[in-house]
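Peer 1: Sharing entry.txt (compact mmCIF, C-alpha atoms) below.
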```
# COMPACT_ATOMS: atom_id res chain seq x y z
CA MET A 1 -8.07 18.43 -9.26
CA SER A 2 -5.54 20.45 -11.15
CA ALA A 3 -1.95 20.02 -12.20
CA SER A 4 0.77 22.53 -11.54
CA ALA A 5 4.46 22.75 -12.36
CA SER A 6 5.09 20.48 -9.37
CA GLY A 7 2.67 17.79 -10.63
CA PRO A 8 -0.93 16.78 -9.99
CA ARG A 9 -2.66 17.65 -6.74
CA PHE A 10 -4.47 14.84 -4.97
CA ARG A 11 -7.85 15.27 -3.37
CA PRO A 12 -7.49 15.41 0.43
CA LEU A 13 -8.73 12.74 2.81
CA ASP A 14 -11.43 14.95 4.34
CA ASP A 15 -14.45 12.82 3.47
CA VAL A 16 -13.21 9.24 3.64
CA GLU A 17 -15.64 6.55 2.53
CA TYR A 18 -14.03 3.26 3.43
CA GLY A 19 -14.04 0.69 0.68
CA ARG A 20 -15.08 3.14 -2.05
CA VAL A 21 -12.82 3.58 -5.05
CA GLN A 22 -12.16 7.25 -5.84
CA ARG A 23 -10.29 8.75 -8.76
CA VAL A 24 -7.65 11.04 -7.25
CA ALA A 25 -5.69 11.87 -10.43
CA PRO A 26 -6.24 11.17 -14.13
CA MET A 27 -4.54 7.74 -14.02
CA ILE A 28 -4.84 7.01 -10.30
CA ARG A 29 -7.64 5.63 -8.12
CA ARG A 30 -7.54 5.07 -4.37
CA VAL A 31 -9.34 2.75 -1.96
CA ILE A 32 -8.97 3.52 1.76
CA ALA A 33 -8.98 0.66 4.27
CA ALA A 34 -11.07 0.96 7.43
CA ASN A 35 -8.04 0.90 9.72
CA PRO A 36 -7.57 4.47 11.00
CA SER A 37 -4.80 4.89 13.56
CA LYS A 38 -1.88 7.11 14.46
CA PHE A 39 0.16 5.13 11.90
CA THR A 40 -2.38 5.05 9.05
CA TYR A 41 -4.05 8.47 9.52
CA ARG A 42 -7.61 7.97 8.19
CA GLY A 43 -6.73 4.51 6.84
CA THR A 44 -4.22 2.82 4.58
CA GLY A 45 -4.45 3.92 0.96
CA THR A 46 -4.29 1.33 -1.81
CA TYR A 47 -3.65 2.88 -5.21
CA ILE A 48 -4.63 1.57 -8.64
CA VAL A 49 -2.61 3.07 -11.50
CA GLY A 50 -3.91 2.94 -15.06
CA ASP A 51 -7.14 1.82 -16.66
CA GLY A 52 -7.65 -1.64 -18.17
CA ASP A 53 -4.06 -2.81 -17.58
CA VAL A 54 -3.26 -1.66 -14.05
CA ALA A 55 -0.72 -1.75 -11.25
CA VAL A 56 -1.84 -1.96 -7.63
CA ILE A 57 0.32 -0.17 -5.07
CA ASP A 58 0.17 -1.37 -1.45
CA PRO A 59 -2.74 -3.86 -1.56
CA GLY A 60 -3.32 -3.24 2.12
CA PRO A 61 -4.11 -4.91 5.42
CA MET A 62 -5.74 -8.28 5.94
CA LEU A 63 -9.28 -6.93 6.31
CA ASP A 64 -12.16 -8.69 4.57
CA SER A 65 -13.85 -5.36 3.83
CA HIS A 66 -10.72 -3.98 2.16
CA ARG A 67 -10.08 -7.18 0.20
CA ASP A 68 -13.66 -7.10 -1.11
CA ALA A 69 -13.40 -3.40 -2.02
CA LEU A 70 -10.12 -3.98 -3.85
CA ALA A 71 -11.57 -6.95 -5.73
CA ALA A 72 -14.51 -4.81 -6.85
CA ALA A 73 -12.22 -1.92 -7.83
CA VAL A 74 -10.11 -4.06 -10.22
CA ARG A 75 -12.93 -6.27 -11.53
CA GLY A 76 -12.74 -6.40 -15.32
CA GLU A 77 -9.18 -5.10 -15.41
CA ARG A 78 -5.87 -6.89 -15.86
CA VAL A 79 -3.58 -6.44 -12.86
CA ARG A 80 -0.08 -6.46 -14.37
CA ALA A 81 1.91 -5.60 -11.24
CA ILE A 82 1.53 -5.53 -7.48
CA CYS A 83 3.93 -2.97 -6.00
CA VAL A 84 4.65 -2.83 -2.29
CA THR A 85 6.31 0.33 -0.97
CA HIS A 86 7.18 -1.26 2.38
CA CYS A 87 6.07 -4.26 4.38
CA HIS A 88 4.25 -2.83 7.35
CA SER A 89 1.21 -4.92 8.21
CA ASP A 90 -1.12 -2.33 6.70
CA HIS A 91 0.56 -2.35 3.25
CA SER A 92 1.72 -5.82 2.15
CA PRO A 93 -0.50 -8.60 3.60
CA LEU A 94 -3.11 -8.57 0.80
CA ALA A 95 -0.34 -8.87 -1.85
CA ALA A 96 -0.37 -12.70 -1.61
CA TRP A 97 -4.16 -12.83 -2.07
CA LEU A 98 -4.08 -10.40 -5.01
CA LYS A 99 -1.27 -12.36 -6.67
CA GLU A 100 -3.25 -15.58 -6.29
CA GLU A 101 -6.38 -13.94 -7.73
CA THR A 102 -4.71 -12.20 -10.68
CA GLY A 103 -1.43 -13.99 -11.37
CA ALA A 104 0.40 -10.64 -11.26
CA PRO A 105 3.91 -10.63 -9.79
CA THR A 106 4.83 -8.65 -6.69
CA TYR A 107 7.53 -5.99 -6.85
CA ALA A 108 9.34 -4.41 -3.91
CA TYR A 109 12.71 -3.60 -2.47
CA GLY A 110 12.26 -6.29 0.27
CA PRO A 111 12.23 -8.50 2.03
CA HIS A 112 12.22 -6.43 5.16
CA PRO A 113 15.11 -7.21 7.48
CA PRO A 114 14.11 -8.18 11.02
CA PRO A 115 14.71 -5.45 13.63
CA ASP A 116 18.11 -5.58 15.30
CA PRO A 117 17.54 -5.37 19.07
CA ASP A 118 21.17 -4.30 19.54
CA ASP A 119 20.75 -1.27 17.29
CA PRO A 120 20.44 1.89 19.47
CA ALA A 121 18.07 3.49 16.93
CA VAL A 122 15.70 0.50 17.20
CA ALA A 123 15.78 0.69 21.01
CA GLU A 124 15.02 4.42 20.87
CA GLU A 125 12.16 3.84 18.42
CA LEU A 126 10.65 1.15 20.67
CA ALA A 127 10.89 3.46 23.68
CA GLU A 128 9.04 6.20 21.74
CA GLU A 129 6.19 3.78 20.99
CA ILE A 130 5.13 3.71 24.64
CA SER A 131 2.27 6.14 25.11
CA ASP A 132 0.43 6.57 28.41
CA GLY A 133 1.92 3.31 29.64
CA VAL A 134 0.64 1.36 26.62
CA LYS A 135 3.04 0.08 24.00
CA VAL A 136 1.80 0.85 20.50
CA GLU A 137 3.44 -1.06 17.67
CA GLU A 138 3.24 -0.93 13.91
CA SER A 139 3.98 -4.50 13.04
CA ILE A 140 6.17 -5.61 10.18
CA ASP A 141 5.03 -8.27 7.70
CA LEU A 142 8.23 -10.34 7.82
CA ALA A 143 6.56 -13.08 5.74
CA PHE A 144 6.35 -10.84 2.67
CA GLU A 145 9.01 -11.43 0.05
CA PRO A 146 8.54 -9.95 -3.41
CA ASP A 147 8.68 -12.01 -6.58
CA LEU A 148 10.92 -9.38 -8.13
CA ARG A 149 13.19 -7.06 -6.19
CA VAL A 150 13.73 -3.56 -7.52
CA GLY A 151 16.10 -0.77 -6.60
CA ASP A 152 16.18 3.00 -7.09
CA GLY A 153 15.72 3.98 -10.70
CA GLU A 154 14.74 0.51 -11.94
CA VAL A 155 11.51 -0.01 -13.89
CA ALA A 156 9.28 -2.53 -12.14
CA ALA A 157 6.35 -2.58 -14.55
CA SER A 158 4.58 -0.53 -17.17
CA GLY A 159 1.27 -0.34 -18.96
CA PRO A 160 -0.59 2.02 -21.29
CA GLY A 161 0.33 5.52 -20.09
CA TRP A 162 2.16 4.51 -16.90
CA THR A 163 5.55 3.26 -15.74
CA MET A 164 6.57 2.19 -12.24
```
Using the file provided, produce a representation of the structure as structure tokens.
Peer 2:
Amino acid sequence: MSASASGPRFRPLDDVEYGRVQRVAPMIRRVIAANPSKFTYRGTGTYIVGDGDVAVIDPGPMLDSHRDALAAAVRGERVRAICVTHCHSDHSPLAAWLKEETGAPTYAYGPHPPPDPDDPAVAEELAEEISDGVKVEESIDLAFEPDLRVGDGEVAASGPGWTM
């Protein structure tokens, strides 16, 4: 990995090993969930920022294998923040478990508003999700509501060498 004027370059997802924590940048590790699809590419990425005192970004889907891999990846560290970028069912469901395990608060823009069936953009999006006669949906975790809501430019959490 090297850094350029545009920032660090992440290692590509060519050789995915599900459940294995990999350092992808000096302060960032990633664990990929075993849920490959057209929505998740090779699998949902959960990111751990920092060392010792950490933030977890997008804890991931409700998969036992991913929960166990995440638990192993943060063992011995203090999770200070759980950040959720959006509440699709592959990003936010493990946030409640991680909060219960670590006591760390959840941060997000949320909660996600329910889809408006009268919105023409929603209707168009639903129509595009039909492929070969089969409807494919990326579900929304409407049960997720963050402990602390943040907006653009606000600091959610920080630790040694990192700020969210």
Peer 1: Closest to His91 of chain A among A:Pro120, A:Pro59, A:Pro146, A:Pro160, using all atoms listed in the file?
Peer 2: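 Counting all atoms listed in the file, the residue closest to His91 of chain A is A:Pro59.
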Peer 1: Of the candidates A:Gln22, A:Ser92, A:Thr85, A:Ser139, which one gets nearest to Met164 of chain A if we count only C-alpha atoms?
Peer 2: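 The answer is A:Thr85, which sits nearest to Met164 of chain A.
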Peer 1: From the list A:Glu154, A:Asp51, A:Asp90, A:Asp119, which residue is nearest Ile32 of chain A when using only C-alpha atoms?
Peer 2: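 Nearest to Ile32 of chain A: A:Asp90.
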Peer 1: Please identify all polymer residues within 9 Å of Val31 of chain A, counting only C-alpha atoms, omitting same-chain residues fewer than 5 positions from it, and present them as a ChimeraX atom specification.
Peer 2: /A:17-22,44-48,66,69-70,73
Peer 1: One decimal, in Å: what's the spacing between atom CA of Ser37 of chain A and atom CA of His88 of chain A?
Peer 2: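 Atom-to-atom, atom CA of Ser37 of chain A to atom CA of His88 of chain A, that is 13.4 Å.
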Peer 1: Point out the residue among A:Arg42, A:Ile82, A:Leu94, A:Gly52 with the least atom-to-atom distance to Asp64 of chain A, counting all atoms listed in the file.
Peer 2: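 For Asp64 of chain A, the nearest of the given residues is A:Leu94.
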Peer 1: In Å, how far is it from atom CA of Leu148 of chain A to atom CA of Trp162 of chain A?
Peer 2: 18.6 Å
Peer 1: If I take atom CA of Phe144 of chain A and atom CA of Cys87 of chain A, how far is one from the other in Å, to one decimal?
Peer 2: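 If I compute the distance from atom CA of Phe144 of chain A to atom CA of Cys87 of chain A, I get 6.8 Å.
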Peer 1: Which is closer to Val24 of chain A than all the others in A:Pro105, A:Gly76, A:Gly50, A:Gly151, using only C-alpha atoms?
Peer 2: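 Using only C-alpha atoms, the shortest distance to Val24 of chain A belongs to A:Gly50.
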Peer 1: Using all atoms listed in the file, can you tell me which of A:Asp53, A:Asp152, A:Asp15, A:Asp68 comes closest to Trp97 of chain A?
Peer 2: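 For Trp97 of chain A, the nearest of the candidates is A:Asp68.
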Peer 1: Enumerate, as a ChimeraX atom specification, the protein, DNA and RNA residues whose atoms approach (2.3, -9.1, 9.6) to within 8 Å, taking into account all atoms listed in the file and the coordinate frame of the file.
Peer 2: /A:88-89,93,139-143
Peer 1: With C-alpha atoms retained, export the selected residues as a short mmCIF file (atom, residue, chain, number, x, y, z; two decimals), in the coordinates of the input.
Peer 2:
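This went into out-v3.cif:
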```cif
data_model
loop_
_atom_site.label_atom_id
_atom_site.label_comp_id
_atom_site.auth_asym_id
_atom_site.auth_seq_id
_atom_site.Cartn_x
_atom_site.Cartn_y
_atom_site.Cartn_z
CA HIS A 88 4.25 -2.83 7.35
CA SER A 89 1.21 -4.92 8.21
CA PRO A 93 -0.50 -8.60 3.60
CA SER A 139 3.98 -4.50 13.04
CA ILE A 140 6.17 -5.61 10.18
CA ASP A 141 5.03 -8.27 7.70
CA LEU A 142 8.23 -10.34 7.82
CA ALA A 143 6.56 -13.08 5.74
#
```
